[in-house]
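For reference, the structure is listed below as structure tokens.
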Amino acid sequence: MDNLEAARTAVVLIDLQRRLVDQALAPHSGADVVARCVTLADAARAAGALVVVVRVERPGDDPQPAGSELVPEATPRPGDLEIVKHTWGAFQETGLDAALRERGVDTLVITGLATNFGVEQTARIADELGYQVVLPQDAMSGIHEHAHEFAVGYIFRALGTVCTTAEAVVALGG
């Protein structure tokens with residue numbers, strides 16, 4: 001995997017919310033995904049890359065369902081970008097594309113939950129918008145293992161670079 005230029009890279013954490021992290025996920029547990037996402041976010045911050053924390057809010061649900069809060073480890077830090085989405089993907093009517101372009105970001109390391117929902121939709125749109133897409137397959141998980149494996153094995157390989165968390169950390173200079 002090529003090195004990632006920190007100033008042009010963002011690590012995107014998708015839907016690390018309690019009600020999603022606590023579900024039965026496969027092939028990686030929610031706790032494992034969160035830990036790997038935190039590792040990537042820490043590496044990004046240390047390298048000077050942007051961290052984008054995305055959470056979903058269901059339109060028309062007020063209050064939001066129990067467990068909609070981010071897990072504490074995913075709480076945005078100063079300098080991070082927080083995005084609230086209302087659809088599967090992080091781009092639809094959120095201002096994410098404009099915020100990334102304003103910062104000169106052209107490469108996205110996309111992680112989180114669930115592989116074949118929020119992560120996949122965000123990756124598909126990122127590719128359509130011209131971003132370079134990096135997908136650390138062990139920093140995401142699906143509701144079903146076969147769905148995760150299909151997305152990683154077939155969809156993601158057409159969209160960008162599939163790697164591990166460790167490989168992405170090294171590419172960020174860690």
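Ligands are numbered from 1 in the order shown, chains are lettered A, B, ... in the order of the structure tokens, and residues start at 1 in each chain.
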
How close does segment 20-92 of chain A get to segment 152-174 of chain A? List, as a tab-separated table, each residue of segment 20-92 of chain A within 12 Å, its nearest atom pair and the distance in Å to one decimal, counting only C-alpha atoms.
residue	atom	partner	partner_atom	distance
A:Pro27	CA	A:Val152	CA	11.6
A:Asp32	CA	A:Thr165	CA	11.2
A:Val33	CA	A:Thr165	CA	9.9
A:Val34	CA	A:Thr165	CA	11.5
A:Ala35	CA	A:Thr165	CA	10.2
A:Arg36	CA	A:Thr165	CA	6.5
A:Cys37	CA	A:Thr165	CA	8.1
A:Val38	CA	A:Thr165	CA	10.2
A:Thr39	CA	A:Val169	CA	7.8
A:Leu40	CA	A:Val169	CA	6.1
A:Ala41	CA	A:Val169	CA	9.2
A:Asp42	CA	A:Val169	CA	9.2
A:Ala43	CA	A:Val169	CA	6.0
A:Ala44	CA	A:Leu172	CA	6.6
A:Arg45	CA	A:Leu172	CA	9.7
A:Ala46	CA	A:Gly174	CA	8.3
A:Ala47	CA	A:Leu172	CA	6.5
A:Gly48	CA	A:Leu172	CA	9.2
A:Ala49	CA	A:Leu172	CA	8.3
A:Leu50	CA	A:Leu172	CA	11.4

Can you spit out the residues from that selection as a CSV table (one decimal), in the first residue's frame, using N, CA, C and O atoms?
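Wrote it out as out.csv, contents follow:
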chain,number,residue,atom,x,y,z
A,27,PRO,N,-17.6,-10.1,10.7
A,27,PRO,CA,-16.8,-11.1,11.5
A,27,PRO,C,-16.0,-10.5,12.7
A,27,PRO,O,-15.4,-11.2,13.4
A,32,ASP,N,-14.1,-4.6,18.9
A,32,ASP,CA,-12.9,-4.7,18.1
A,32,ASP,C,-12.9,-3.6,17.0
A,32,ASP,O,-11.9,-3.0,16.7
A,33,VAL,N,-14.0,-3.4,16.4
A,33,VAL,CA,-14.1,-2.3,15.4
A,33,VAL,C,-13.8,-0.9,16.0
A,33,VAL,O,-13.1,-0.2,15.4
A,34,VAL,N,-14.4,-0.7,17.1
A,34,VAL,CA,-14.2,0.6,17.8
A,34,VAL,C,-12.7,0.8,18.1
A,34,VAL,O,-12.1,1.8,17.8
A,35,ALA,N,-12.1,-0.2,18.6
A,35,ALA,CA,-10.7,-0.2,19.0
A,35,ALA,C,-9.8,0.1,17.8
A,35,ALA,O,-8.9,0.9,17.8
A,36,ARG,N,-10.1,-0.5,16.6
A,36,ARG,CA,-9.3,-0.3,15.4
A,36,ARG,C,-9.6,1.1,14.8
A,36,ARG,O,-8.7,1.7,14.3
A,37,CYS,N,-10.8,1.5,14.9
A,37,CYS,CA,-11.2,2.9,14.5
A,37,CYS,C,-10.4,3.9,15.3
A,37,CYS,O,-9.9,4.9,14.7
A,38,VAL,N,-10.3,3.7,16.6
A,38,VAL,CA,-9.6,4.6,17.4
A,38,VAL,C,-8.1,4.6,17.1
A,38,VAL,O,-7.5,5.7,17.0
A,39,THR,N,-7.6,3.5,16.8
A,39,THR,CA,-6.2,3.4,16.4
A,39,THR,C,-5.9,4.2,15.1
A,39,THR,O,-5.0,4.9,15.1
A,40,LEU,N,-6.8,4.0,14.2
A,40,LEU,CA,-6.7,4.8,12.9
A,40,LEU,C,-6.9,6.3,13.2
A,40,LEU,O,-6.1,7.1,12.6
A,41,ALA,N,-7.9,6.7,14.0
A,41,ALA,CA,-8.1,8.1,14.2
A,41,ALA,C,-6.9,8.7,15.0
A,41,ALA,O,-6.4,9.8,14.6
A,42,ASP,N,-6.3,8.0,15.9
A,42,ASP,CA,-5.1,8.5,16.6
A,42,ASP,C,-4.0,8.6,15.7
A,42,ASP,O,-3.2,9.6,15.7
A,43,ALA,N,-3.8,7.7,14.8
A,43,ALA,CA,-2.7,7.7,13.8
A,43,ALA,C,-2.9,8.9,12.9
A,43,ALA,O,-1.9,9.6,12.5
A,44,ALA,N,-4.1,9.1,12.5
A,44,ALA,CA,-4.5,10.3,11.6
A,44,ALA,C,-4.1,11.6,12.3
A,44,ALA,O,-3.5,12.5,11.7
A,45,ARG,N,-4.6,11.7,13.5
A,45,ARG,CA,-4.4,13.0,14.2
A,45,ARG,C,-2.9,13.2,14.4
A,45,ARG,O,-2.4,14.3,14.2
A,46,ALA,N,-2.1,12.2,14.7
A,46,ALA,CA,-0.7,12.3,14.9
A,46,ALA,C,0.0,12.7,13.7
A,46,ALA,O,1.0,13.4,13.7
A,47,ALA,N,-0.5,12.3,12.5
A,47,ALA,CA,0.1,12.6,11.2
A,47,ALA,C,-0.3,13.9,10.7
A,47,ALA,O,0.2,14.4,9.7
A,48,GLY,N,-1.4,14.5,11.3
A,48,GLY,CA,-1.9,15.7,10.7
A,48,GLY,C,-3.1,15.6,9.8
A,48,GLY,O,-3.4,16.5,9.1
A,49,ALA,N,-3.6,14.4,9.7
A,49,ALA,CA,-4.8,14.1,8.8
A,49,ALA,C,-6.1,14.5,9.6
A,49,ALA,O,-6.1,14.5,10.8
A,50,LEU,N,-7.1,14.7,8.8
A,50,LEU,CA,-8.4,15.0,9.4
A,50,LEU,C,-9.1,13.7,9.8
A,50,LEU,O,-9.0,12.7,9.2

Exercise for the section: Write down as a ChimeraX atom specification the residues belonging to chain A that are assigned helix (DSSP H, G or I) by DSSP computed on the backbone. Expected result: /A:6-8,18-21,30-47,72-74,96-102,115-128,137-139,145-159,165-171

Exercise for the section: From a DSSP calculation on the backbone, collect every residue of chain A in strand (DSSP E or B) and output the set as a PyMOL selection string. Expected result: chain A and resi 9-14+17+26+50-56+70+81-85+107-113+132-136+140-142+161-163

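For the set A:Gly130, A:His86, A:Thr94, A:Phe117, the residue with the smallest atom-to-atom gap to Asp61 of chain A is A:His86, counting only C-alpha atoms.
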
Practice task
With a distance cut-off of 12 Å and only C-alpha atoms, select the neighbouring residues of segment 143-150 of chain A, excluding the residue or stretch itself and same-chain residues fewer than 3 positions from it, and output the selection as a count of residues only.
Solution key: 31

Handout entry: Selection: 8 Å around Thr107 of chain A, only C-alpha atoms, excl. self and same-chain fewer than 4 positions, as a PyMOL selection string
Key = chain A and resi 4+8-10+131-134

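Relative to atom CA of Phe91 of chain A, atom CA of Gly104 of chain A is found at 16.4 Å.
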
Exercise for the section: For atom CA of Ser68 of chain A and atom CA of Ala31 of chain A, determine how far apart the two atoms are, in Å to one decimal place. Expected result: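 Atom CA of Ala31 of chain A lies at a distance of 16.1 Å from atom CA of Ser68 of chain A.
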
Handout entry: Atomic separation - atom CA of Gly79 of chain A relative to atom CA of Asp2 of chain A, Å
Key =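 These two atoms are separated by 25.4 Å.
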
Exercise for the section: With a distance cut-off of 12 Å and only C-alpha atoms, select the neighbouring residues of Thr75 of chain A, excluding the residue or stretch itself and same-chain residues fewer than 2 positions from it, and output the selection as a list in words. Expected result: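 Counting only C-alpha atoms, the residues come to Leu13, Asp15, Leu16, Gln17, Arg18, Val34, Cys37, Val38, Ala41, Val51, Val52, Val53, Val54, Arg55, Glu69, Leu70, Val71, Pro72, Glu73, Arg77, Pro78, Gly79, Asp80, Leu81, Glu82 and Ile83 of chain A.
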